[in-house]
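**Q** So here's run.txt (compact mmCIF, C-alpha atoms and all ligand atoms).
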```txt
# COMPACT_ATOMS: atom_id res chain seq x y z
CA MET A 161 -59.74 12.91 121.65
CA TYR A 162 -61.53 10.37 119.50
CA ASP A 163 -60.77 9.15 116.02
CA GLN A 164 -63.24 8.55 113.21
CA TYR A 165 -63.58 4.91 114.36
CA GLY A 166 -64.56 5.84 117.90
CA ARG A 167 -61.25 4.94 119.52
CA HIS A 168 -60.45 7.03 122.59
CA LEU A 169 -56.92 8.41 122.10
CA HIS A 170 -55.50 9.28 125.49
CA TYR A 171 -51.97 7.87 125.43
CA LEU A 172 -49.11 9.90 123.94
CA ARG A 173 -45.63 8.52 123.35
CA VAL A 174 -43.10 11.30 123.07
CA SER A 175 -39.71 10.73 121.48
CA LEU A 176 -37.15 13.00 123.14
CA THR A 177 -34.33 12.34 120.68
CA ASP A 178 -33.64 10.14 117.68
CA ALA A 179 -30.06 9.54 118.88
CA CYS A 180 -28.94 6.42 120.68
CA ASN A 181 -25.90 5.00 122.45
CA LEU A 182 -26.61 1.53 120.96
CA ARG A 183 -27.13 0.27 117.40
CA CYS A 184 -29.53 -2.67 117.76
CA VAL A 185 -29.50 -4.75 114.57
CA TYR A 186 -33.30 -4.66 114.17
CA CYS A 187 -33.61 -0.94 114.85
CA MET A 188 -31.01 0.99 112.87
CA PRO A 189 -27.97 0.60 110.65
CA GLU A 190 -24.60 0.94 112.37
CA ASP A 191 -23.70 4.09 110.42
CA MET A 192 -26.95 5.81 111.39
CA HIS A 193 -26.95 9.62 111.23
CA PHE A 194 -29.05 11.63 113.61
CA GLN A 195 -30.92 14.88 113.14
CA PRO A 196 -29.26 18.19 114.05
CA ARG A 197 -30.33 19.62 117.38
CA TRP A 198 -32.23 22.55 115.87
CA LYS A 199 -34.61 20.18 114.11
CA LEU A 200 -35.63 18.58 117.39
CA MET A 201 -38.20 19.99 119.79
CA SER A 202 -36.77 22.13 122.56
CA ASP A 203 -37.79 21.39 126.17
CA GLU A 204 -40.28 24.23 126.00
CA GLU A 205 -41.76 23.01 122.71
CA ILE A 206 -42.18 19.49 124.12
CA LEU A 207 -43.97 20.89 127.14
CA THR A 208 -46.28 23.06 125.06
CA LEU A 209 -47.30 20.17 122.80
CA VAL A 210 -47.83 17.78 125.73
CA GLU A 211 -49.92 20.42 127.52
CA ILE A 212 -52.05 20.80 124.41
CA ALA A 213 -52.46 17.02 124.16
CA ALA A 214 -53.42 16.92 127.85
CA SER A 215 -56.02 19.62 127.25
CA LEU A 216 -57.51 17.27 124.63
CA GLY A 217 -57.73 14.39 127.10
CA VAL A 218 -54.32 12.71 127.03
CA ASP A 219 -53.68 11.38 130.55
CA LYS A 220 -50.86 8.93 129.94
CA VAL A 221 -47.43 9.81 128.57
CA ARG A 222 -44.45 7.62 127.78
CA LEU A 223 -41.05 9.14 127.03
CA THR A 224 -39.00 7.28 124.50
CA GLY A 225 -36.41 7.79 121.77
CA GLY A 226 -33.88 6.92 120.35
CA GLU A 227 -32.53 6.67 123.82
CA PRO A 228 -34.38 9.13 126.08
CA THR A 229 -31.73 9.05 128.81
CA LEU A 230 -29.39 10.83 126.38
CA ARG A 231 -31.65 13.89 126.42
CA GLN A 232 -30.19 16.77 128.37
CA ASN A 233 -32.48 18.01 131.16
CA LEU A 234 -34.42 14.75 131.23
CA THR A 235 -35.27 15.07 134.92
CA SER A 236 -36.56 18.59 134.40
CA ILE A 237 -38.69 17.45 131.43
CA VAL A 238 -40.11 14.65 133.62
CA GLN A 239 -40.85 17.11 136.42
CA GLN A 240 -42.65 19.52 134.14
CA ILE A 241 -44.75 16.89 132.36
CA LYS A 242 -45.70 15.32 135.67
CA ALA A 243 -46.88 18.72 136.89
CA ILE A 244 -49.48 18.96 134.08
CA PRO A 245 -52.76 18.34 135.93
CA ASN A 246 -54.26 15.78 133.50
CA ILE A 247 -51.20 13.54 133.29
CA HIS A 248 -51.71 10.64 135.69
CA ASP A 249 -49.21 8.14 134.34
CA LEU A 250 -45.69 9.02 133.20
CA SER A 251 -43.32 6.28 132.09
CA LEU A 252 -40.10 5.86 130.13
CA THR A 253 -38.82 3.25 127.67
CA THR A 254 -35.05 2.87 127.81
CA ASN A 255 -32.23 0.52 126.94
CA GLY A 256 -31.20 0.90 130.60
CA ILE A 257 -27.52 1.62 129.89
CA LEU A 258 -27.52 4.94 131.78
CA LEU A 259 -30.30 4.14 134.21
CA GLY A 260 -27.92 3.07 136.98
CA GLU A 261 -26.97 6.71 137.50
CA MET A 262 -30.35 8.23 136.77
CA ALA A 263 -33.10 6.05 138.24
CA ALA A 264 -33.31 7.66 141.67
CA ASP A 265 -33.36 11.21 140.26
CA LEU A 266 -36.03 10.28 137.71
CA LYS A 267 -38.22 8.80 140.43
CA ALA A 268 -37.77 11.90 142.56
CA ALA A 269 -38.74 14.04 139.54
CA GLY A 270 -42.06 12.19 139.25
CA LEU A 271 -41.46 9.32 136.83
CA ASP A 272 -43.81 6.45 137.65
CA ARG A 273 -42.40 3.44 135.78
CA VAL A 274 -39.83 2.25 133.29
CA ASN A 275 -39.78 -0.32 130.49
CA ILE A 276 -36.29 -1.65 129.93
CA SER A 277 -35.25 -3.40 126.74
CA LEU A 278 -33.31 -6.59 127.34
CA ASP A 279 -33.20 -9.27 124.66
CA THR A 280 -30.71 -11.73 126.17
CA LEU A 281 -28.94 -12.72 129.38
CA ASP A 282 -25.77 -13.65 127.51
CA ALA A 283 -23.16 -10.89 127.50
CA LYS A 284 -21.64 -11.87 124.17
CA ARG A 285 -25.00 -12.10 122.45
CA PHE A 286 -26.07 -8.79 123.98
CA HIS A 287 -23.10 -7.14 122.35
CA GLN A 288 -23.94 -8.86 119.07
CA ILE A 289 -27.55 -7.63 119.07
CA THR A 290 -26.87 -4.09 120.28
CA ARG A 291 -23.50 -3.82 118.44
CA TRP A 292 -22.17 -1.37 121.05
CA GLY A 293 -23.71 -2.36 124.40
CA HIS A 294 -22.51 -4.13 127.54
CA LEU A 295 -24.99 -6.28 129.44
CA VAL A 296 -23.53 -5.38 132.82
CA ASP A 297 -24.66 -1.75 132.37
CA VAL A 298 -28.27 -2.77 131.73
CA MET A 299 -28.28 -5.12 134.71
CA ARG A 300 -27.06 -2.22 136.87
CA GLY A 301 -29.84 -0.07 135.39
CA ILE A 302 -32.46 -2.70 136.19
CA GLU A 303 -31.26 -2.95 139.79
CA ALA A 304 -31.35 0.82 140.17
CA ALA A 305 -34.86 1.02 138.70
CA GLN A 306 -36.03 -1.66 141.11
CA ALA A 307 -34.39 0.07 144.07
CA ALA A 308 -35.98 3.40 143.06
CA GLU A 309 -39.39 1.68 142.79
CA LEU A 310 -39.91 2.59 139.14
CA THR A 311 -42.29 -0.33 139.15
CA PRO A 312 -43.92 -2.55 137.99
CA LEU A 313 -40.79 -3.08 135.97
CA LYS A 314 -41.43 -4.12 132.39
CA ILE A 315 -38.76 -5.90 130.40
CA ASN A 316 -39.15 -5.73 126.60
CA VAL A 317 -37.68 -8.65 124.69
CA VAL A 318 -37.63 -8.38 120.89
CA VAL A 319 -37.42 -11.95 119.60
CA THR A 320 -35.08 -12.28 116.63
CA ALA A 321 -34.41 -15.55 114.79
CA GLY A 322 -30.81 -16.66 115.11
CA PHE A 323 -30.04 -14.15 117.86
CA ASN A 324 -32.17 -14.87 120.92
CA ASP A 325 -35.07 -17.12 119.86
CA HIS A 326 -33.56 -20.15 121.63
CA GLU A 327 -33.40 -18.13 124.86
CA VAL A 328 -37.05 -17.13 125.28
CA ALA A 329 -37.84 -19.76 127.94
CA GLU A 330 -34.86 -18.59 129.99
CA MET A 331 -36.04 -14.97 129.69
CA ALA A 332 -39.56 -16.02 130.72
CA GLY A 333 -38.02 -17.81 133.71
CA LEU A 334 -36.94 -14.40 135.07
CA THR A 335 -40.52 -13.96 136.28
CA LEU A 336 -40.38 -17.04 138.54
CA GLU A 337 -38.66 -15.15 141.35
CA ARG A 338 -39.14 -11.52 140.27
CA ALA A 339 -42.36 -9.50 140.07
CA TRP A 340 -41.47 -8.24 136.59
CA ASP A 341 -43.59 -8.10 133.44
CA VAL A 342 -41.52 -9.74 130.71
CA ARG A 343 -43.03 -8.94 127.30
CA PHE A 344 -42.00 -10.66 124.09
CA ILE A 345 -42.25 -8.40 121.05
CA GLU A 346 -42.53 -9.57 117.45
CA LEU A 347 -39.98 -8.03 115.17
CA MET A 348 -41.58 -5.31 113.04
CA PRO A 349 -40.40 -4.35 109.55
CA VAL A 350 -39.66 -0.63 109.70
CA GLY A 351 -37.53 1.62 107.49
CA ASP A 352 -34.08 0.57 106.28
CA VAL A 353 -34.02 -2.60 108.39
CA ALA A 354 -37.37 -3.97 107.15
CA ASP A 355 -35.85 -6.81 105.10
CA PHE A 356 -33.91 -8.04 108.10
CA ALA A 357 -37.06 -7.95 110.24
CA ILE A 358 -39.12 -9.90 107.70
CA GLU A 359 -36.48 -12.63 107.49
CA SER A 360 -35.95 -12.83 111.24
CA VAL A 361 -39.45 -12.64 112.72
CA ILE A 362 -40.55 -15.29 115.21
CA THR A 363 -44.30 -15.17 115.88
CA SER A 364 -45.64 -14.81 119.41
CA ALA A 365 -47.36 -18.19 118.99
CA GLU A 366 -43.97 -19.80 118.43
CA THR A 367 -42.39 -17.93 121.36
CA ARG A 368 -45.23 -19.03 123.62
CA ARG A 369 -44.92 -22.62 122.41
CA ARG A 370 -41.25 -22.66 123.36
CA ILE A 371 -41.99 -21.23 126.82
CA GLU A 372 -44.82 -23.69 127.44
CA LYS A 373 -42.60 -26.58 126.35
CA GLN A 374 -40.38 -25.76 129.31
CA TYR A 375 -42.87 -24.48 131.90
CA GLY A 376 -46.22 -26.02 130.96
CA PRO A 377 -49.41 -24.16 129.98
CA LEU A 378 -49.42 -20.45 130.83
CA GLN A 379 -52.25 -19.13 132.99
CA GLU A 380 -54.24 -16.08 131.91
CA VAL A 381 -54.05 -13.34 134.54
CA PRO A 382 -57.55 -11.90 135.17
CA GLY A 383 -58.35 -8.20 134.81
CA TYR A 384 -57.07 -7.54 131.26
CA ASN A 385 -58.41 -4.16 130.07
CA GLY A 386 -58.26 -4.86 126.31
CA HIS A 387 -56.15 -1.76 125.59
CA ASP A 388 -52.69 -2.90 126.56
CA PRO A 389 -51.26 -4.75 123.54
CA ALA A 390 -50.09 -7.57 125.80
CA ARG A 391 -52.70 -9.73 127.56
CA PRO A 392 -50.98 -10.87 130.78
CA TYR A 393 -50.09 -14.52 131.48
CA ARG A 394 -48.24 -16.27 134.27
CA ILE A 395 -46.08 -19.35 134.53
CA SER A 396 -47.73 -21.44 137.23
CA GLY A 397 -46.49 -20.19 140.63
CA ALA A 398 -44.40 -17.31 139.20
CA LYS A 399 -44.20 -13.90 140.90
CA GLY A 400 -44.11 -11.95 137.65
CA ARG A 401 -46.10 -11.97 134.43
CA LEU A 402 -45.55 -12.58 130.74
CA GLY A 403 -46.98 -10.77 127.74
CA PHE A 404 -46.81 -11.17 123.98
CA ILE A 405 -46.92 -8.19 121.65
CA SER A 406 -47.97 -9.60 118.30
CA SER A 407 -48.13 -6.52 116.09
CA VAL A 408 -47.36 -8.55 112.99
CA SER A 409 -49.26 -11.84 113.44
CA GLN A 410 -52.21 -10.56 115.51
CA PRO A 411 -52.55 -6.78 115.28
CA PHE A 412 -54.37 -5.08 118.16
CA CYS A 413 -55.36 -1.98 116.13
CA SER A 414 -59.01 -2.02 117.27
CA GLY A 415 -57.93 -1.42 120.88
CA CYS A 416 -55.28 1.21 120.06
CA THR A 417 -55.40 4.36 122.20
CA ARG A 418 -52.06 5.81 121.10
CA LEU A 419 -50.60 8.77 119.33
CA ARG A 420 -46.90 9.47 118.93
CA LEU A 421 -44.91 12.67 118.88
CA THR A 422 -41.59 12.29 117.04
CA ALA A 423 -38.51 14.13 118.30
CA ASP A 424 -38.83 16.53 115.36
CA GLY A 425 -42.35 17.44 116.37
CA LYS A 426 -44.58 15.42 114.05
CA LEU A 427 -47.73 13.76 115.31
CA ARG A 428 -47.44 10.18 114.05
CA LEU A 429 -50.83 8.57 113.84
CA CYS A 430 -49.85 4.89 113.68
CA LEU A 431 -46.55 3.23 114.58
CA LEU A 432 -46.56 1.22 111.37
CA ARG A 433 -47.84 3.79 108.87
CA ASP A 434 -46.04 6.86 107.64
CA ASP A 435 -48.98 9.29 108.11
CA GLU A 436 -47.73 12.26 110.15
CA VAL A 437 -48.87 15.79 110.84
CA ASP A 438 -46.32 18.52 111.50
CA LEU A 439 -46.91 20.37 114.77
CA LEU A 440 -43.48 21.91 115.27
CA THR A 441 -43.50 24.10 112.16
CA PRO A 442 -46.80 25.84 113.02
CA LEU A 443 -45.62 26.17 116.64
CA ARG A 444 -42.40 27.85 115.48
CA GLU A 445 -44.32 30.04 113.07
CA GLY A 446 -46.34 31.41 115.95
CA ALA A 447 -49.59 29.41 115.87
CA ASP A 448 -51.45 29.92 119.15
CA ARG A 449 -52.55 27.10 121.43
CA GLU A 450 -56.09 27.03 120.09
CA ALA A 451 -54.84 26.65 116.51
CA LEU A 452 -52.47 23.85 117.57
CA ARG A 453 -55.26 22.14 119.52
CA GLN A 454 -57.32 22.13 116.38
CA ILE A 455 -54.50 20.73 114.21
CA MET A 456 -53.89 17.98 116.77
CA ALA A 457 -57.54 17.04 117.21
CA GLU A 458 -58.19 16.98 113.46
CA ALA A 459 -55.09 14.85 112.86
CA ALA A 460 -56.11 12.42 115.61
CA TRP A 461 -59.55 12.11 114.03
CA ARG A 462 -57.84 10.87 110.85
CA LYS A 463 -55.85 8.14 112.63
CA PRO A 464 -55.76 5.19 110.19
CA TRP A 465 -57.77 2.15 111.18
CA GLY A 466 -54.72 -0.10 111.27
CA HIS A 467 -51.44 -0.97 109.70
CA GLY A 468 -51.05 -2.68 106.35
CA LEU A 469 -48.28 -5.19 107.01
CA ALA A 470 -50.49 -8.06 105.84
CA ASP A 471 -50.82 -6.27 102.47
CA HIS A 472 -47.05 -5.60 102.36
CA GLU A 473 -47.53 -1.91 103.06
CA LEU A 474 -44.43 -1.19 105.13
CA PRO A 475 -43.55 2.06 106.90
CA GLN A 476 -40.49 3.36 105.08
CA ALA A 477 -39.96 6.98 106.00
CA ARG A 478 -38.24 6.35 109.34
CA VAL A 479 -36.44 3.67 111.33
CA MET A 480 -37.82 2.64 114.72
CA SER A 481 -35.46 4.84 116.73
CA GLN A 482 -36.96 7.91 115.02
CA ILE A 483 -40.50 6.88 115.94
CA GLY A 484 -39.93 5.64 119.47
CA GLY A 485 -41.46 2.18 119.30
N1 LIG B 501 -33.93 3.09 123.15
C1 LIG B 501 -35.04 2.69 123.93
C2 LIG B 501 -35.14 1.19 124.04
O1 LIG B 501 -34.48 0.49 123.28
O2 LIG B 501 -35.90 0.73 124.89
C3 LIG B 501 -36.35 3.27 123.47
C4 LIG B 501 -36.61 3.35 121.99
S1 LIG B 501 -36.75 1.77 121.18
C5 LIG B 501 -37.04 2.25 119.52
C6 LIG B 501 -38.34 1.23 121.79
C7 LIG B 501 -38.61 -0.26 121.67
O3 LIG B 501 -38.70 -0.60 120.30
C8 LIG B 501 -37.54 -1.16 122.28
O4 LIG B 501 -38.13 -2.07 123.17
C9 LIG B 501 -36.96 -1.86 121.09
O5 LIG B 501 -36.49 -3.14 121.42
C10 LIG B 501 -38.13 -1.89 120.14
N2 LIG B 501 -37.79 -2.05 118.73
C11 LIG B 501 -36.84 -1.42 118.02
N3 LIG B 501 -36.84 -1.83 116.73
C12 LIG B 501 -37.83 -2.76 116.63
C13 LIG B 501 -38.34 -3.56 115.57
N4 LIG B 501 -37.84 -3.50 114.33
N5 LIG B 501 -39.38 -4.40 115.84
C14 LIG B 501 -39.89 -4.47 117.09
N6 LIG B 501 -39.47 -3.74 118.13
C15 LIG B 501 -38.44 -2.91 117.91
FE1 LIG B 502 -31.26 2.37 120.47
FE2 LIG B 502 -33.54 1.42 121.46
FE3 LIG B 502 -33.04 1.35 118.82
FE4 LIG B 502 -31.66 -0.23 120.41
S1 LIG B 502 -33.88 -0.29 120.09
S2 LIG B 502 -30.80 1.06 118.77
S3 LIG B 502 -31.48 0.98 122.21
S4 LIG B 502 -33.32 3.16 120.03
```
Spit out the file's structure as structure tokens when you get a sec.
Ligand code: SAM
Ligand code: SF4
**A**
Amino acid sequence: MYDQYGRHLHYLRVSLTDACNLRCVYCMPEDMHFQPRWKLMSDEEILTLVEIAASLGVDKVRLTGGEPTLRQNLTSIVQQIKAIPNIHDLSLTTNGILLGEMAADLKAAGLDRVNISLDTLDAKRFHQITRWGHLVDVMRGIEAAQAAELTPLKINVVVTAGFNDHEVAEMAGLTLERAWDVRFIELMPVGDVADFAIESVITSAETRRRIEKQYGPLQEVPGYNGHDPARPYRISGAKGRLGFISSVSQPFCSGCTRLRLTADGKLRLCLLRDDEVDLLTPLREGADREALRQIMAEAAWRKPWGHGLADHELPQARVMSQIGG
């Protein structure tokens, strides 16, 4: 699949649920309401839409949410997506809370890798950021993912002023002895929590400056493909790598290869724009695969060039947990 700007779209992020067992301050309000089950794609509907995407050239799928480990039948969904011939890379983004119990089964089902969100190493602060979470559960999840070889393990750190910005060097230091990719993400203004995100953003340049103040200049790791939003760096002598995802200060739209499928079956064309095309309604109304292929390919062609944050055009229709990040 190509868009009108010649970008090759071969990476699909599928949200399995909008629900979550945490309430991260930058992601959703504490009294968040979730969609009723009937509005979400069934297992079969997910599989059909991913198969259609694969027939159009998608070869990389990431499962996300909300919190994807809350989805019933997750291992079976993993197994079935992995069995689609074109899909070569299947990964999952999770808050890690339930991963301790699930990592081995997910690996056995065919999951290749996980990204785990971890913003702080301080238990009290973790509870403050996630409102409901306990750090010990995530640490258990990380250990289980490592033991199950869901690797290379990526740790996503959203940097938020006043919450964890003073801790970024310590988080980067995790890579000294561990072969992890620790990626620092700029806070993005999405939905109801946009004002908070605008007030609390710390740019990647500032995060990097703080890390370099402690560890000296970062080294560029060779072999960057230009499509991953995070160019890899290394602290001198470290086993793992660092990355900076600068969606706000330095958008990487020209290298974007992604499409997103929301849990309610809409093809979302850009993370930070509200343009979506409904696939679930035609599927439920009986559209055949060829018709759905056409809707998907035409929608992908219309993928917007980039987001409009610099012009204060903010995505407002959904919060991040409904899009999947
Ligand atoms: N629940 C899973 C998790 O937290 O990893 C998956 C879904 S979550 C929406 C995906 C990613 O988006 C997480 O790494 C999370 O930290 C990040 N995220 C959520 N809200 C964000 C925001 N406003 N700006 C930047 N990243 C955000
Ligand atoms: Fe849940 Fe992930 Fe959003 Fe946190 S970032 S509230 S874990 S969906």
**Q** List all protein, DNA and RNA residues that have any atom at most 8 Å from ligand LIG 501 (chain B), counting all atoms listed in the file, and write the list as a PyMOL selection string.
**A** chain A and resi 180+182+184+186-188+224-228+253-256+275-279+316-318+345-350+353-354+357+479-485
**Q** Let me make sure I understand: among A:Thr177, A:Ser251, A:Asn385, A:Thr417, which one has the smallest atom-to-atom distance to ligand LIG 502 (chain B) if we use all atoms listed in the file?
**A**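 Ranked by minimum distance to ligand LIG 502 (chain B), first place goes to A:Thr177.
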**Q** Using only C-alpha atoms and all ligand atoms, pick whichever of A:Ala214, A:Leu310, A:Ala243, A:Leu252 has the shortest atom-to-atom distance to ligand LIG 502 (chain B).
**A** A:Leu252
**Q** Which centre and which edge lengths, in Å to one decimal, describe the axis-aligned box that holds all listed atoms of stretch 266-280 of chain A after 3 Å is added on each side, as AutoDock Vina command-line options?
**A**
```
--center_x -37.3 --center_y 1.2 --center_z 133.6 --size_x 19.1 --size_y 31.8 --size_z 23.9
```
**Q** So how many Å separate atom CA of A:His168 and atom CA of A:Glu211, to one decimal?
**A** 17.7 Å
**Q** From the options A:Ile289, A:Val319, A:Ala423, A:Ala332, which residue's atoms come nearest to A:Leu176, counting all atoms listed in the file?
**A** A:Ala423
**Q** Nearest residue to ligand LIG 502 (chain B) out of A:Gln410, A:Ser236, A:Ser396, A:Gln288, using all atoms listed in the file?
**A**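 Closest to ligand LIG 502 (chain B), using all atoms listed in the file: A:Gln288.
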**Q** Which residues, written as a PyMOL selection string, have at least one atom at most 9 Å from A:Gln164, with all atoms listed in the file counted and residues fewer than 4 positions away on the same chain left out?
**A** chain A and resi 460-465
**Q** For stretch 330-342 of chain A, which lacks atoms in the input, supply N, CA, C and O atoms and format the output as a PDB file, in the coordinates of the input.
**A**
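Generated file (out-v5.pdb):
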```pdb
ATOM      1  N   GLU A 330     -35.711 -19.095 128.907  1.00  0.00           N
ATOM      2  CA  GLU A 330     -34.860 -18.590 129.990  1.00  0.00           C
ATOM      3  C   GLU A 330     -35.277 -17.165 130.392  1.00  0.00           C
ATOM      4  O   GLU A 330     -35.327 -16.830 131.576  1.00  0.00           O
ATOM      5  N   MET A 331     -35.586 -16.339 129.384  1.00  0.00           N
ATOM      6  CA  MET A 331     -36.040 -14.970 129.690  1.00  0.00           C
ATOM      7  C   MET A 331     -37.367 -15.001 130.454  1.00  0.00           C
ATOM      8  O   MET A 331     -37.576 -14.253 131.397  1.00  0.00           O
ATOM      9  N   ALA A 332     -38.270 -15.898 130.027  1.00  0.00           N
ATOM     10  CA  ALA A 332     -39.560 -16.020 130.720  1.00  0.00           C
ATOM     11  C   ALA A 332     -39.340 -16.456 132.165  1.00  0.00           C
ATOM     12  O   ALA A 332     -40.058 -16.022 133.085  1.00  0.00           O
ATOM     13  N   GLY A 333     -38.322 -17.293 132.372  1.00  0.00           N
ATOM     14  CA  GLY A 333     -38.020 -17.810 133.710  1.00  0.00           C
ATOM     15  C   GLY A 333     -37.621 -16.708 134.690  1.00  0.00           C
ATOM     16  O   GLY A 333     -37.667 -16.906 135.909  1.00  0.00           O
ATOM     17  N   LEU A 334     -37.268 -15.530 134.174  1.00  0.00           N
ATOM     18  CA  LEU A 334     -36.940 -14.400 135.070  1.00  0.00           C
ATOM     19  C   LEU A 334     -38.120 -14.054 135.976  1.00  0.00           C
ATOM     20  O   LEU A 334     -37.952 -13.508 137.060  1.00  0.00           O
ATOM     21  N   THR A 335     -39.333 -14.350 135.504  1.00  0.00           N
ATOM     22  CA  THR A 335     -40.520 -13.960 136.280  1.00  0.00           C
ATOM     23  C   THR A 335     -40.801 -14.922 137.438  1.00  0.00           C
ATOM     24  O   THR A 335     -41.653 -14.632 138.279  1.00  0.00           O
ATOM     25  N   LEU A 336     -40.094 -16.068 137.471  1.00  0.00           N
ATOM     26  CA  LEU A 336     -40.380 -17.040 138.540  1.00  0.00           C
ATOM     27  C   LEU A 336     -40.154 -16.409 139.909  1.00  0.00           C
ATOM     28  O   LEU A 336     -40.987 -16.527 140.807  1.00  0.00           O
ATOM     29  N   GLU A 337     -39.021 -15.700 140.042  1.00  0.00           N
ATOM     30  CA  GLU A 337     -38.660 -15.150 141.350  1.00  0.00           C
ATOM     31  C   GLU A 337     -38.772 -13.627 141.416  1.00  0.00           C
ATOM     32  O   GLU A 337     -38.483 -13.030 142.444  1.00  0.00           O
ATOM     33  N   ARG A 338     -39.107 -12.996 140.287  1.00  0.00           N
ATOM     34  CA  ARG A 338     -39.140 -11.520 140.270  1.00  0.00           C
ATOM     35  C   ARG A 338     -40.522 -11.057 139.802  1.00  0.00           C
ATOM     36  O   ARG A 338     -41.051 -11.599 138.847  1.00  0.00           O
ATOM     37  N   ALA A 339     -41.022  -9.997 140.421  1.00  0.00           N
ATOM     38  CA  ALA A 339     -42.360  -9.500 140.070  1.00  0.00           C
ATOM     39  C   ALA A 339     -42.272  -8.570 138.853  1.00  0.00           C
ATOM     40  O   ALA A 339     -42.745  -7.436 138.877  1.00  0.00           O
ATOM     41  N   TRP A 340     -41.626  -9.039 137.809  1.00  0.00           N
ATOM     42  CA  TRP A 340     -41.470  -8.240 136.590  1.00  0.00           C
ATOM     43  C   TRP A 340     -42.514  -8.670 135.556  1.00  0.00           C
ATOM     44  O   TRP A 340     -42.994  -9.801 135.592  1.00  0.00           O
ATOM     45  N   ASP A 341     -42.808  -7.743 134.629  1.00  0.00           N
ATOM     46  CA  ASP A 341     -43.590  -8.100 133.440  1.00  0.00           C
ATOM     47  C   ASP A 341     -42.587  -8.290 132.315  1.00  0.00           C
ATOM     48  O   ASP A 341     -41.958  -7.309 131.897  1.00  0.00           O
ATOM     49  N   VAL A 342     -42.419  -9.500 131.843  1.00  0.00           N
ATOM     50  CA  VAL A 342     -41.520  -9.740 130.710  1.00  0.00           C
ATOM     51  C   VAL A 342     -42.391  -9.875 129.463  1.00  0.00           C
ATOM     52  O   VAL A 342     -43.282 -10.719 129.408  1.00  0.00           O
TER      53      VAL A 342
END
```
